[in-house]
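Peer 1: Next up, structure08.cif (mmCIF, C-alpha atoms).
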```cif
data_coords
#
loop_
_atom_site.label_atom_id
_atom_site.label_comp_id
_atom_site.auth_asym_id
_atom_site.auth_seq_id
_atom_site.Cartn_x
_atom_site.Cartn_y
_atom_site.Cartn_z
CA MET A 1 -68.70 258.49 35.69
CA PRO A 2 -66.09 257.12 38.13
CA THR A 3 -62.66 258.64 38.01
CA GLY A 4 -59.54 256.63 37.29
CA GLY A 5 -58.79 254.16 34.56
CA VAL A 6 -59.76 250.61 34.23
CA ASN A 7 -56.45 249.59 35.69
CA ALA A 8 -56.87 251.70 38.83
CA PRO A 9 -55.90 249.72 41.95
CA VAL A 10 -58.76 248.21 43.88
CA PRO A 11 -58.81 249.40 47.52
CA VAL A 12 -57.81 246.62 49.90
CA ALA A 13 -59.66 246.35 53.20
CA PRO A 14 -57.35 246.49 56.20
CA GLU A 15 -56.64 243.12 57.77
CA ALA A 16 -59.00 242.36 60.64
CA THR A 17 -57.41 242.52 64.06
CA PRO A 18 -58.14 239.40 66.09
CA ALA A 19 -60.37 240.04 69.05
CA VAL A 20 -58.53 239.93 72.35
CA ASP A 21 -60.21 239.56 75.71
CA PRO A 22 -59.56 242.85 77.58
CA ARG A 23 -59.22 240.88 80.83
CA LEU A 24 -56.16 239.19 79.35
CA ILE A 25 -54.65 242.45 78.12
CA VAL A 26 -54.55 243.98 81.58
CA ARG A 27 -52.82 240.89 82.94
CA GLN A 28 -49.82 241.71 80.77
CA GLU A 29 -49.32 244.89 82.81
CA GLY A 30 -48.31 243.07 85.97
CA ILE A 31 -49.72 244.14 89.33
CA LYS A 32 -51.20 247.30 87.82
CA GLY A 33 -53.11 245.20 85.31
CA TYR A 34 -54.47 242.88 88.00
CA LEU A 35 -55.67 245.85 90.04
CA ALA A 36 -57.37 247.30 86.96
CA GLU A 37 -59.06 243.96 86.28
CA PHE A 38 -60.15 243.71 89.90
CA ARG A 39 -61.77 247.16 89.74
CA ARG A 40 -63.48 246.24 86.48
CA ARG A 41 -64.90 243.00 87.92
CA VAL A 42 -66.17 244.65 91.09
CA GLY A 43 -67.62 247.54 89.12
CA SER A 44 -69.53 245.18 86.83
CA GLY A 45 -70.82 243.01 89.69
CA GLU A 46 -68.53 240.00 89.02
CA LEU A 47 -67.69 239.40 92.68
CA GLY A 48 -67.14 235.64 92.51
CA SER A 49 -66.05 234.16 95.84
CA LEU A 50 -64.69 237.46 97.15
CA PRO A 51 -67.55 238.26 99.60
CA VAL A 52 -67.53 234.83 101.27
CA VAL A 53 -63.71 234.77 101.53
CA VAL A 54 -63.76 238.20 103.18
CA ALA A 55 -66.57 237.06 105.50
CA LEU A 56 -64.64 233.91 106.46
CA ILE A 57 -61.52 235.92 107.26
CA ILE A 58 -63.54 238.33 109.41
CA ILE A 59 -65.23 235.45 111.27
CA TRP A 60 -61.89 233.76 111.98
CA VAL A 61 -60.26 237.01 113.10
CA VAL A 62 -63.17 237.87 115.43
CA PHE A 63 -63.45 234.44 117.06
CA GLY A 64 -59.68 234.03 117.12
CA THR A 65 -59.40 237.31 119.01
CA LEU A 66 -62.17 236.37 121.45
CA ASN A 67 -60.69 232.95 122.17
CA SER A 68 -57.29 231.69 121.03
CA SER A 69 -58.50 228.07 121.03
CA PHE A 70 -60.71 228.81 118.00
CA LEU A 71 -57.72 228.92 115.64
CA SER A 72 -56.00 225.97 117.30
CA ALA A 73 -55.05 223.00 115.18
CA GLN A 74 -57.46 220.80 117.13
CA ASN A 75 -60.50 223.02 116.58
CA LEU A 76 -59.76 223.65 112.90
CA SER A 77 -59.15 219.94 112.29
CA ASN A 78 -62.42 219.02 113.99
CA LEU A 79 -64.17 221.76 112.01
CA SER A 80 -62.87 220.35 108.71
CA GLN A 81 -64.35 216.98 109.60
CA GLN A 82 -67.65 218.23 111.00
CA ILE A 83 -68.62 220.26 107.91
CA VAL A 84 -68.46 217.24 105.59
CA GLY A 85 -72.04 216.03 106.10
CA THR A 86 -73.68 219.42 105.60
CA GLY A 87 -71.19 220.26 102.85
CA MET A 88 -72.09 217.14 100.87
CA ILE A 89 -75.78 218.05 101.00
CA ALA A 90 -74.96 221.65 100.02
CA LEU A 91 -72.98 220.31 97.07
CA GLY A 92 -76.16 218.78 95.67
CA VAL A 93 -78.14 221.93 96.42
CA VAL A 94 -75.69 223.88 94.23
CA PHE A 95 -76.84 221.88 91.20
CA VAL A 96 -80.52 222.70 91.83
CA LEU A 97 -79.78 226.37 92.48
CA LEU A 98 -77.94 226.57 89.15
CA LEU A 99 -81.32 225.86 87.54
CA GLY A 100 -82.86 228.67 89.57
CA GLU A 101 -84.91 226.13 91.57
CA ILE A 102 -84.88 224.89 95.16
CA ASP A 103 -85.07 221.52 96.95
CA LEU A 104 -86.67 221.65 100.40
CA SER A 105 -86.51 217.89 100.99
CA VAL A 106 -82.75 217.33 101.15
CA ALA A 107 -82.55 217.19 104.95
CA TYR A 108 -85.09 214.41 105.41
CA VAL A 109 -83.87 212.61 102.29
CA SER A 110 -80.49 212.47 104.03
CA GLY A 111 -82.15 211.13 107.18
CA LEU A 112 -84.17 208.53 105.23
CA CYS A 113 -81.10 207.16 103.44
CA ALA A 114 -79.13 207.00 106.69
CA ALA A 115 -82.03 205.13 108.31
CA LEU A 116 -82.17 202.67 105.40
CA PHE A 117 -78.48 201.90 105.74
CA ALA A 118 -78.66 201.48 109.52
CA VAL A 119 -81.77 199.29 109.51
CA LEU A 120 -80.54 197.08 106.67
CA ASN A 121 -77.01 196.64 108.02
CA VAL A 122 -77.60 196.57 111.77
CA ASN A 123 -81.12 195.22 112.22
CA SER A 124 -81.42 192.98 109.16
CA GLY A 125 -77.79 191.88 108.84
CA VAL A 126 -77.52 192.90 105.17
CA ASN A 127 -73.97 193.18 103.81
CA GLN A 128 -72.69 196.70 104.51
CA TRP A 129 -71.75 197.36 100.88
CA LEU A 130 -75.19 196.28 99.65
CA ALA A 131 -76.84 198.41 102.35
CA LEU A 132 -74.71 201.37 101.27
CA LEU A 133 -75.66 200.84 97.62
CA VAL A 134 -79.37 200.64 98.52
CA ALA A 135 -79.14 203.89 100.52
CA LEU A 136 -77.44 205.76 97.66
CA ALA A 137 -79.80 204.29 95.03
CA SER A 138 -82.77 205.32 97.16
CA GLY A 139 -81.47 208.88 97.24
CA ALA A 140 -81.11 208.90 93.46
CA ALA A 141 -84.63 207.45 93.04
CA VAL A 142 -86.12 210.13 95.29
CA GLY A 143 -84.53 212.79 93.08
CA VAL A 144 -85.95 211.17 89.95
CA ILE A 145 -89.43 211.24 91.51
CA HIS A 146 -89.06 214.95 92.32
CA GLY A 147 -87.75 215.65 88.85
CA LEU A 148 -90.58 213.79 87.11
CA PHE A 149 -93.26 215.74 88.96
CA PHE A 150 -91.43 218.99 88.26
CA ALA A 151 -90.33 218.45 84.66
CA LYS A 152 -93.10 216.25 83.30
CA VAL A 153 -96.19 217.09 85.35
CA GLY A 154 -95.36 220.76 85.79
CA VAL A 155 -95.67 220.98 89.58
CA PRO A 156 -93.41 223.77 90.92
CA ALA A 157 -90.21 222.45 92.48
CA PHE A 158 -90.99 224.35 95.68
CA VAL A 159 -94.26 222.42 96.11
CA VAL A 160 -92.86 219.04 95.06
CA THR A 161 -89.93 219.17 97.45
CA LEU A 162 -92.00 220.69 100.26
CA ALA A 163 -94.31 217.69 99.97
CA GLY A 164 -91.20 215.49 99.90
CA ASN A 165 -89.95 217.18 103.07
CA LEU A 166 -93.05 215.87 104.85
CA GLY A 167 -93.41 212.55 103.04
CA TRP A 168 -89.79 211.39 103.32
CA ASN A 169 -89.77 212.35 107.00
CA GLY A 170 -92.77 210.09 107.53
CA LEU A 171 -91.14 207.25 105.59
CA MET A 172 -87.96 207.66 107.65
CA LEU A 173 -89.96 207.27 110.87
CA GLN A 174 -91.67 204.19 109.41
CA VAL A 175 -88.34 202.63 108.45
CA LEU A 176 -86.84 203.24 111.91
CA GLY A 177 -89.80 201.51 113.55
CA ALA A 178 -90.93 201.62 117.17
CA THR A 179 -87.47 202.03 118.70
CA GLY A 180 -86.84 205.20 116.70
CA THR A 181 -83.04 204.85 116.93
CA VAL A 182 -80.57 202.45 115.37
CA ASN A 183 -76.98 202.64 116.59
CA LEU A 184 -74.20 201.96 114.10
CA SER A 185 -71.63 199.33 115.00
CA GLY A 186 -68.68 201.67 114.54
CA LYS A 187 -66.99 199.06 112.37
CA ASP A 188 -69.19 199.49 109.31
CA ILE A 189 -67.96 201.15 106.13
CA VAL A 190 -69.81 204.42 106.76
CA SER A 191 -68.36 204.83 110.24
CA ARG A 192 -64.86 204.02 109.03
CA LEU A 193 -65.10 206.54 106.19
CA TYR A 194 -65.87 209.26 108.72
CA THR A 195 -63.59 208.31 111.62
CA THR A 196 -60.46 207.28 109.69
CA ILE A 197 -57.64 209.80 110.02
CA TYR A 198 -54.26 209.37 108.33
CA GLY A 199 -51.76 210.25 111.04
CA GLN A 200 -48.67 210.12 108.83
CA GLN A 201 -47.57 213.65 107.93
CA ALA A 202 -46.85 212.49 104.40
CA ALA A 203 -50.57 211.88 103.86
CA ALA A 204 -51.67 215.52 104.29
CA TYR A 205 -48.64 216.94 102.49
CA GLY A 206 -48.97 214.34 99.74
CA ALA A 207 -52.63 215.29 99.20
CA ALA A 208 -51.58 218.94 98.97
CA VAL A 209 -48.89 218.12 96.40
CA VAL A 210 -51.31 216.05 94.29
CA GLY A 211 -53.98 218.74 94.43
CA VAL A 212 -51.63 221.54 93.41
CA ALA A 213 -50.07 219.41 90.66
CA LEU A 214 -53.48 218.51 89.22
CA PHE A 215 -54.48 222.18 89.22
CA LEU A 216 -51.27 223.18 87.43
CA VAL A 217 -51.59 220.45 84.81
CA ALA A 218 -55.27 221.26 84.20
CA SER A 219 -54.45 224.96 83.84
CA LEU A 220 -51.63 224.30 81.37
CA VAL A 221 -53.75 221.89 79.31
CA ASP A 222 -56.63 224.36 79.22
CA ALA A 223 -54.34 227.21 78.14
CA SER A 224 -52.79 225.01 75.44
CA ARG A 225 -56.19 223.97 74.08
CA ARG A 226 -57.46 227.55 74.02
CA ARG A 227 -54.26 228.76 72.33
CA ALA A 228 -54.61 226.09 69.65
CA ALA A 229 -58.25 227.09 69.10
CA GLY A 230 -57.28 230.75 68.71
CA VAL A 231 -59.31 231.99 71.67
CA PRO A 232 -58.10 234.00 74.70
CA TYR A 233 -56.13 231.97 77.22
CA ARG A 234 -54.48 232.60 80.56
CA PRO A 235 -50.84 233.70 80.28
CA MET A 236 -48.16 231.69 82.05
CA THR A 237 -47.70 234.39 84.70
CA ASP A 238 -51.36 234.14 85.63
CA ILE A 239 -51.17 230.35 85.91
CA VAL A 240 -48.04 230.52 88.07
CA VAL A 241 -49.56 233.10 90.44
CA ARG A 242 -52.74 231.05 90.87
CA THR A 243 -50.76 227.87 91.44
CA VAL A 244 -48.55 229.53 94.07
CA VAL A 245 -51.59 230.91 95.93
CA LEU A 246 -53.25 227.49 95.90
CA ALA A 247 -50.02 225.85 97.07
CA VAL A 248 -49.75 228.24 100.03
CA ILE A 249 -53.35 227.52 101.08
CA ALA A 250 -53.01 223.75 100.57
CA PHE A 251 -49.74 223.37 102.48
CA LEU A 252 -50.92 225.67 105.29
CA ALA A 253 -54.02 223.48 105.65
CA ALA A 254 -51.87 220.32 105.59
CA TYR A 255 -49.55 221.77 108.23
CA THR A 256 -52.52 222.64 110.47
CA LEU A 257 -54.03 219.16 110.14
CA ASN A 258 -50.68 217.55 110.95
CA GLN A 259 -50.40 219.59 114.13
CA TYR A 260 -53.34 217.61 115.53
CA LYS A 261 -54.11 214.08 114.28
CA GLY A 262 -53.55 214.26 110.54
CA LEU A 263 -55.68 214.14 107.39
CA PRO A 264 -59.33 213.07 107.93
CA LEU A 265 -60.50 210.67 105.23
CA ALA A 266 -63.94 212.33 105.29
CA LEU A 267 -62.42 215.70 104.33
CA LEU A 268 -60.42 214.08 101.53
CA ILE A 269 -63.57 212.41 100.15
CA PHE A 270 -65.42 215.75 100.31
CA LEU A 271 -62.68 217.48 98.33
CA ILE A 272 -62.67 214.69 95.74
CA PHE A 273 -66.43 215.06 95.28
CA ILE A 274 -66.00 218.83 94.84
CA VAL A 275 -63.26 218.44 92.22
CA VAL A 276 -65.08 215.73 90.26
CA LEU A 277 -68.40 217.59 90.22
CA ASP A 278 -66.59 220.82 89.36
CA PHE A 279 -65.14 219.04 86.34
CA VAL A 280 -68.62 217.81 85.41
CA LEU A 281 -70.09 221.30 85.57
CA ARG A 282 -67.30 223.24 83.87
CA ARG A 283 -65.73 220.74 81.47
CA THR A 284 -68.55 218.58 80.14
CA THR A 285 -71.45 219.12 77.77
CA TYR A 286 -73.84 218.13 80.55
CA GLY A 287 -72.50 220.87 82.82
CA ARG A 288 -72.83 223.50 80.11
CA LYS A 289 -76.44 222.46 79.61
CA VAL A 290 -77.12 222.90 83.33
CA PHE A 291 -75.73 226.44 83.22
CA ALA A 292 -77.66 227.12 80.01
CA LEU A 293 -80.97 226.19 81.64
CA GLY A 294 -80.23 228.38 84.63
CA GLY A 295 -79.27 231.31 82.44
CA ASN A 296 -82.09 231.18 79.88
CA ILE A 297 -84.43 228.20 79.82
CA GLU A 298 -86.26 229.26 76.65
CA GLY A 299 -82.97 229.81 74.83
CA ALA A 300 -81.77 226.41 76.00
CA ARG A 301 -84.95 224.75 74.76
CA ARG A 302 -84.60 226.40 71.34
CA ALA A 303 -80.98 225.26 71.20
CA GLY A 304 -82.19 221.67 71.32
CA ILE A 305 -81.40 220.87 74.95
CA ASP A 306 -83.61 218.20 76.52
CA VAL A 307 -84.88 220.40 79.35
CA ALA A 308 -86.88 217.67 81.08
CA TRP A 309 -83.95 215.25 81.17
CA ILE A 310 -81.55 217.87 82.59
CA ARG A 311 -84.04 218.85 85.27
CA ILE A 312 -84.69 215.25 86.31
CA SER A 313 -80.98 214.43 86.41
CA VAL A 314 -80.14 217.53 88.46
CA PHE A 315 -82.72 216.68 91.12
CA SER A 316 -81.38 213.13 91.15
CA VAL A 317 -77.84 214.43 91.70
CA CYS A 318 -79.12 216.64 94.51
CA SER A 319 -80.88 213.80 96.34
CA THR A 320 -77.93 211.45 95.83
CA MET A 321 -75.62 213.98 97.45
CA ALA A 322 -78.18 214.36 100.24
CA ALA A 323 -77.90 210.60 100.79
CA VAL A 324 -74.10 210.84 100.94
CA GLY A 325 -74.30 213.71 103.40
CA GLY A 326 -76.84 211.87 105.53
CA LEU A 327 -74.57 208.85 105.81
CA PHE A 328 -71.67 211.01 106.98
CA LEU A 329 -73.93 212.77 109.50
CA ALA A 330 -75.09 209.40 110.83
CA ALA A 331 -71.47 208.28 111.16
CA GLN A 332 -70.69 211.51 113.02
CA ILE A 333 -73.19 210.71 115.80
CA GLN A 334 -72.94 206.92 115.30
CA SER A 335 -76.67 206.45 114.84
CA ALA A 336 -79.76 207.05 112.73
CA SER A 337 -82.71 208.34 114.73
CA GLN A 338 -86.01 210.17 114.52
CA THR A 339 -84.12 213.46 114.73
CA SER A 340 -82.01 212.69 111.64
CA GLY A 341 -82.57 215.37 109.03
CA GLY A 342 -84.28 217.63 111.54
CA GLY A 343 -83.23 220.77 113.35
CA ASN A 344 -81.55 223.39 111.20
CA LEU A 345 -79.96 220.95 108.74
CA LEU A 346 -82.16 222.05 105.81
CA MET A 347 -81.48 225.73 106.37
CA ASN A 348 -77.76 225.16 106.90
CA SER A 349 -77.47 223.12 103.69
CA ILE A 350 -79.23 225.70 101.55
CA ALA A 351 -77.49 228.57 103.34
CA ALA A 352 -74.08 226.97 102.75
CA ALA A 353 -74.67 226.88 98.99
CA VAL A 354 -75.98 230.45 98.86
CA ILE A 355 -73.45 231.96 101.27
CA GLY A 356 -70.69 230.22 99.31
CA GLY A 357 -71.60 232.23 96.21
CA THR A 358 -74.22 230.23 94.27
CA SER A 359 -76.89 232.56 92.92
CA LEU A 360 -80.52 232.02 93.86
CA PHE A 361 -81.44 233.34 90.41
CA GLY A 362 -79.73 230.45 88.60
CA GLY A 363 -76.93 230.21 86.08
CA ARG A 364 -74.09 231.21 88.39
CA GLY A 365 -72.20 229.17 90.97
CA LYS A 366 -69.46 226.63 91.63
CA THR A 367 -69.12 223.40 93.56
CA TRP A 368 -66.53 225.16 95.71
CA SER A 369 -69.42 227.27 97.02
CA ALA A 370 -70.44 224.28 99.16
CA LEU A 371 -67.02 224.17 100.84
CA LEU A 372 -66.79 227.92 101.45
CA GLY A 373 -70.37 228.19 102.69
CA ALA A 374 -70.04 225.15 104.96
CA LEU A 375 -66.85 226.65 106.40
CA VAL A 376 -68.63 229.93 107.15
CA ILE A 377 -71.58 228.26 108.88
CA GLY A 378 -69.39 225.72 110.67
CA SER A 379 -67.04 228.47 111.86
CA ILE A 380 -69.93 230.51 113.27
CA GLN A 381 -71.29 227.49 115.13
CA SER A 382 -67.86 226.43 116.40
CA GLY A 383 -66.94 229.93 117.55
CA MET A 384 -70.22 230.41 119.37
CA ASN A 385 -70.01 227.02 121.02
CA ILE A 386 -66.56 227.92 122.33
CA GLU A 387 -67.98 231.21 123.64
CA GLY A 388 -70.89 229.36 125.23
CA LEU A 389 -73.57 231.28 123.32
CA SER A 390 -77.05 229.81 122.94
CA ASN A 391 -78.55 228.23 119.83
CA ALA A 392 -80.90 231.21 119.59
CA ILE A 393 -77.96 233.55 119.00
CA GLN A 394 -76.45 231.12 116.50
CA PHE A 395 -79.70 231.00 114.51
CA MET A 396 -79.99 234.78 114.42
CA ILE A 397 -76.42 235.33 113.29
CA THR A 398 -76.55 232.55 110.69
CA GLY A 399 -79.80 234.05 109.39
CA ALA A 400 -78.19 237.49 109.18
CA VAL A 401 -75.24 236.07 107.25
CA LEU A 402 -77.61 234.29 104.84
CA LEU A 403 -79.59 237.49 104.30
CA ALA A 404 -76.37 239.39 103.66
CA ALA A 405 -75.32 236.81 101.08
CA VAL A 406 -78.63 237.10 99.24
CA VAL A 407 -78.44 240.90 99.33
CA VAL A 408 -74.93 240.80 97.85
CA ASP A 409 -76.15 238.37 95.17
CA SER A 410 -79.10 240.63 94.31
CA LEU A 411 -76.95 243.78 94.16
CA ALA A 412 -74.34 242.00 92.03
CA ARG A 413 -77.01 240.82 89.62
CA ARG A 414 -78.45 244.36 89.39
CA THR A 415 -74.97 245.77 88.74
CA GLN A 416 -74.31 243.16 86.05
CA ARG A 417 -77.61 244.02 84.39
CA ALA A 418 -76.71 247.72 84.41
CA ALA A 419 -73.31 246.89 82.92
CA GLY A 420 -74.94 244.76 80.22
CA ARG A 421 -73.43 241.50 81.50
CA ALA A 422 -76.51 239.81 83.05
#
```
What does this structure look like when you write it as structure tokens?
Peer 2:
Amino acid sequence: MPTGGVNAPVPVAPEATPAVDPRLIVRQEGIKGYLAEFRRRVGSGELGSLPVVVALIIIWVVFGTLNSSFLSAQNLSNLSQQIVGTGMIALGVVFVLLLGEIDLSVAYVSGLCAALFAVLNVNSGVNQWLALLVALASGAAVGVIHGLFFAKVGVPAFVVTLAGNLGWNGLMLQVLGATGTVNLSGKDIVSRLYTTIYGQQAAAYGAAVVGVALFLVASLVDASRRRAAGVPYRPMTDIVVRTVVLAVIAFLAAYTLNQYKGLPLALLIFLIFIVVLDFVLRRTTYGRKVFALGGNIEGARRAGIDVAWIRISVFSVCSTMAAVGGLFLAAQIQSASQTSGGGNLLMNSIAAAVIGGTSLFGGRGKTWSALLGALVIGSIQSGMNIEGLSNAIQFMITGAVLLAAVVVDSLARRTQRAAGRA
């Protein structure tokens, strides 16, 4: 028989303590807390953009030591403009890699769309805006075709896009015709988007101010929303530190650009694409579905996600960005020719996404990977050109950097799995 009378007090369970993200606890300890969090992230394989940032610093230090002109305002400004075409293509590749798939056709899709624009506008006299729209729509349609064969028919993406690599190259040659080369007028919209440079110093500094302000506002809004929902949020100190670091980088870049000609419009457009697509991936339901498919496709299917639709749309995004990149590359050389989309463009585009930190295994990556990776590859090529080294050496070193990036990605994934975070 239980002891105690009928009026004995009923034991009251202790009040549950709200769960707090340990990463936010250590941030309250100042510099010591940040160091502890850094060690925890590295130990659990959460490297983020750290490897590519370190690699970029090493590359700049090495080439800057070998030749002082590498870090000159002129070379860095030209570099920021030259990486736009490849970076745009890499931006689309990031989306496909997030699914754990690959697109081997992006280079010749870019060449095909550039050829369509040039032939329609220059040879056929079609309005430049209509020709631009046709080129971009063609890129999107190519992606839909790839996606349908992959998602509906069940053909592996590797095979579909490898076939596309051959087929779209042939169609590009057919579109260009017997001459094989169509020179742009230099006054068309595509050429102007690439060659326009805002020489007023206020343009570069103004872009830096707007970028930093948008980041600060977005961070504060996100923290406010998470606080209201009762979930862990970044403390104000964290937001301020991140904003200050971004401001230093942004204004240093603006200062460098202003030491030469000013802010290239092509670079500004590239950054806008990165920010917008980053918002799509991280702040929309669609973006969460893309990450879900890359992380666990069967789990995503059971959660009610339309897997086929997401796959088709992602390949369409990839090919559309290939079209954008191809147009900028055509504007860079002022022509569309039989060599468009050839050479090492495919490898550089995929390498830029991977080197920048997007995982080949799917489910992990950012749009900023395209910028960082394109900077690494562009810096290697620029530094070696200044040193007068051959293309053979450039290929070998770029290949070594790509292999290193994949090795780091594999080791990080293995470490995450061991730490129970994969």
Peer 1: Return as a ChimeraX atom specification the set of residues that the PyMOL selection byres ((chain A and resi 56) around 9) yields on the displayed structure.
Peer 2: /A:51-55,57-61,372-373,375-376,379
Peer 1: With all atoms listed in the file as the counted atoms, please give the residues lying no more than 6 Å from segment 242-256 of chain A, apart from itself and same-chain residues fewer than 3 positions off, as a ChimeraX atom specification.
Peer 2: /A:73,204-205,208,212,239,259
Peer 1: Pull out every residue that the PyMOL selection byres ((chain A and resi 186-197) around 9) matches in the shown coordinates and put them as a ChimeraX atom specification.
Peer 2: /A:81,84,121,128-129,132,183-185,198-199,261-267,269,327-332,334
Peer 1: Choose the residue, out of A:Val314, A:Ala218, A:Ala203, A:Val401, that has the smallest atom-to-atom separation from Phe279 of chain A; count only C-alpha atoms.
Peer 2: A:Ala218
Peer 1: For a quick check of understanding, using only C-alpha atoms, which of A:Val231, A:Leu79, A:Met236, A:Gly388 has the smallest distance to Ser219 of chain A?
Peer 2: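 Smallest distance to Ser219 of chain A is found for A:Met236.
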Peer 1: Which of these, A:Val122, A:Leu71, A:Ile310, A:Ala370, has the shortest distance to Gly294 of chain A once you count all atoms listed in the file?
Peer 2: A:Ile310
Peer 1: How would you write, as a list in words, the residues chosen by the PyMOL selection byres ((chain A and resi 395) around 12) on this structure?
Peer 2: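 The output of the PyMOL selection byres ((chain A and resi 395) around 12) on this file is Gly343, Asn344, Leu345, Met347, Asn348, Ala351, Ile377, Ile380, Gln381, Met384, Leu389, Ser390, Asn391, Ala392, Ile393, Gln394, Met396, Ile397, Thr398, Gly399, Ala400, Val401 and Leu402 of chain A.
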Peer 1: Check the smallest atom-to-atom distance from each of A:Ala107, A:Val153, A:Leu162, A:Ala412 to Thr86 of chain A using only C-alpha atoms, then report the winner.
Peer 2: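 Nearest candidate to Thr86 of chain A out of A:Ala107, A:Val153, A:Leu162, A:Ala412: A:Ala107.
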Peer 1: Kindly give the distance, in Å, that separates atom CA of Tyr233 of chain A and atom CA of Leu98 of chain A, rounded to a single decimal.
Peer 2: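 Result for atom CA of Tyr233 of chain A versus atom CA of Leu98 of chain A: 25.4 Å, one decimal.
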Peer 1: Would you kindly return, as a PyMOL selection string, each protein, DNA or RNA residue with an atom no farther than 10 Å from any atom of Leu220 of chain A, considering all atoms listed in the file and excluding same-chain residues fewer than 5 positions away?
Peer 2: chain A and resi 214-215+225-226+233-236+239-240
Peer 1: If you measure from atom CA of Ala353 of chain A to atom CA of Val94 of chain A, what distance in Å do you get, rounded to one decimal?
Peer 2: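 A separation of 5.7 Å between them.
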Peer 1: Tell me which of A:Thr181, A:Ser410, A:Asn67, A:Ser77 sits closest to Ser335 of chain A, counting all atoms listed in the file.
Peer 2: A:Thr181
Peer 1: All heavy atoms are needed for segment 280-285 of chain A; please write them out as a PDB file, in the frame of the given file.
Peer 2:
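File part.pdb, as written:
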```
ATOM      1  N   VAL A 280     -67.369 218.104  86.116  1.00  0.00           N
ATOM      2  CA  VAL A 280     -68.620 217.810  85.410  1.00  0.00           C
ATOM      3  C   VAL A 280     -69.320 219.084  84.982  1.00  0.00           C
ATOM      4  O   VAL A 280     -69.802 219.200  83.843  1.00  0.00           O
ATOM      5  CB  VAL A 280     -69.544 216.950  86.299  1.00  0.00           C
ATOM      6  CG1 VAL A 280     -70.929 216.838  85.676  1.00  0.00           C
ATOM      7  CG2 VAL A 280     -68.944 215.566  86.517  1.00  0.00           C
ATOM      8  N   LEU A 281     -69.375 220.058  85.872  1.00  0.00           N
ATOM      9  CA  LEU A 281     -70.090 221.300  85.570  1.00  0.00           C
ATOM     10  C   LEU A 281     -69.351 222.174  84.565  1.00  0.00           C
ATOM     11  O   LEU A 281     -69.972 222.778  83.687  1.00  0.00           O
ATOM     12  CB  LEU A 281     -70.332 222.099  86.851  1.00  0.00           C
ATOM     13  CG  LEU A 281     -71.486 221.645  87.748  1.00  0.00           C
ATOM     14  CD1 LEU A 281     -71.564 222.504  88.992  1.00  0.00           C
ATOM     15  CD2 LEU A 281     -72.804 221.684  86.993  1.00  0.00           C
ATOM     16  N   ARG A 282     -68.036 222.261  84.671  1.00  0.00           N
ATOM     17  CA  ARG A 282     -67.300 223.240  83.870  1.00  0.00           C
ATOM     18  C   ARG A 282     -66.648 222.654  82.622  1.00  0.00           C
ATOM     19  O   ARG A 282     -66.303 223.404  81.712  1.00  0.00           O
ATOM     20  CB  ARG A 282     -66.226 223.916  84.730  1.00  0.00           C
ATOM     21  CG  ARG A 282     -66.782 224.722  85.878  1.00  0.00           C
ATOM     22  CD  ARG A 282     -65.770 225.685  86.456  1.00  0.00           C
ATOM     23  NE  ARG A 282     -64.557 225.016  86.899  1.00  0.00           N
ATOM     24  CZ  ARG A 282     -63.347 225.218  86.375  1.00  0.00           C
ATOM     25  NH1 ARG A 282     -63.197 226.064  85.380  1.00  0.00           N
ATOM     26  NH2 ARG A 282     -62.300 224.568  86.844  1.00  0.00           N
ATOM     27  N   ARG A 283     -66.489 221.328  82.566  1.00  0.00           N
ATOM     28  CA  ARG A 283     -65.730 220.740  81.470  1.00  0.00           C
ATOM     29  C   ARG A 283     -66.503 219.741  80.634  1.00  0.00           C
ATOM     30  O   ARG A 283     -65.916 219.105  79.761  1.00  0.00           O
ATOM     31  CB  ARG A 283     -64.467 220.048  82.024  1.00  0.00           C
ATOM     32  CG  ARG A 283     -63.552 220.942  82.827  1.00  0.00           C
ATOM     33  CD  ARG A 283     -62.957 222.026  81.977  1.00  0.00           C
ATOM     34  NE  ARG A 283     -62.066 222.881  82.751  1.00  0.00           N
ATOM     35  CZ  ARG A 283     -61.505 223.998  82.280  1.00  0.00           C
ATOM     36  NH1 ARG A 283     -61.752 224.364  81.036  1.00  0.00           N
ATOM     37  NH2 ARG A 283     -60.724 224.730  83.033  1.00  0.00           N
ATOM     38  N   THR A 284     -67.778 219.553  80.914  1.00  0.00           N
ATOM     39  CA  THR A 284     -68.550 218.580  80.140  1.00  0.00           C
ATOM     40  C   THR A 284     -69.750 219.257  79.479  1.00  0.00           C
ATOM     41  O   THR A 284     -70.197 220.318  79.908  1.00  0.00           O
ATOM     42  CB  THR A 284     -69.062 217.426  81.031  1.00  0.00           C
ATOM     43  OG1 THR A 284     -70.021 217.938  81.965  1.00  0.00           O
ATOM     44  CG2 THR A 284     -67.913 216.773  81.783  1.00  0.00           C
ATOM     45  N   THR A 285     -70.257 218.609  78.455  1.00  0.00           N
ATOM     46  CA  THR A 285     -71.450 219.120  77.770  1.00  0.00           C
ATOM     47  C   THR A 285     -72.636 219.167  78.725  1.00  0.00           C
ATOM     48  O   THR A 285     -73.436 220.110  78.692  1.00  0.00           O
ATOM     49  CB  THR A 285     -71.791 218.215  76.570  1.00  0.00           C
ATOM     50  OG1 THR A 285     -70.667 218.158  75.686  1.00  0.00           O
ATOM     51  CG2 THR A 285     -72.994 218.748  75.819  1.00  0.00           C
TER      52      THR A 285
END
```
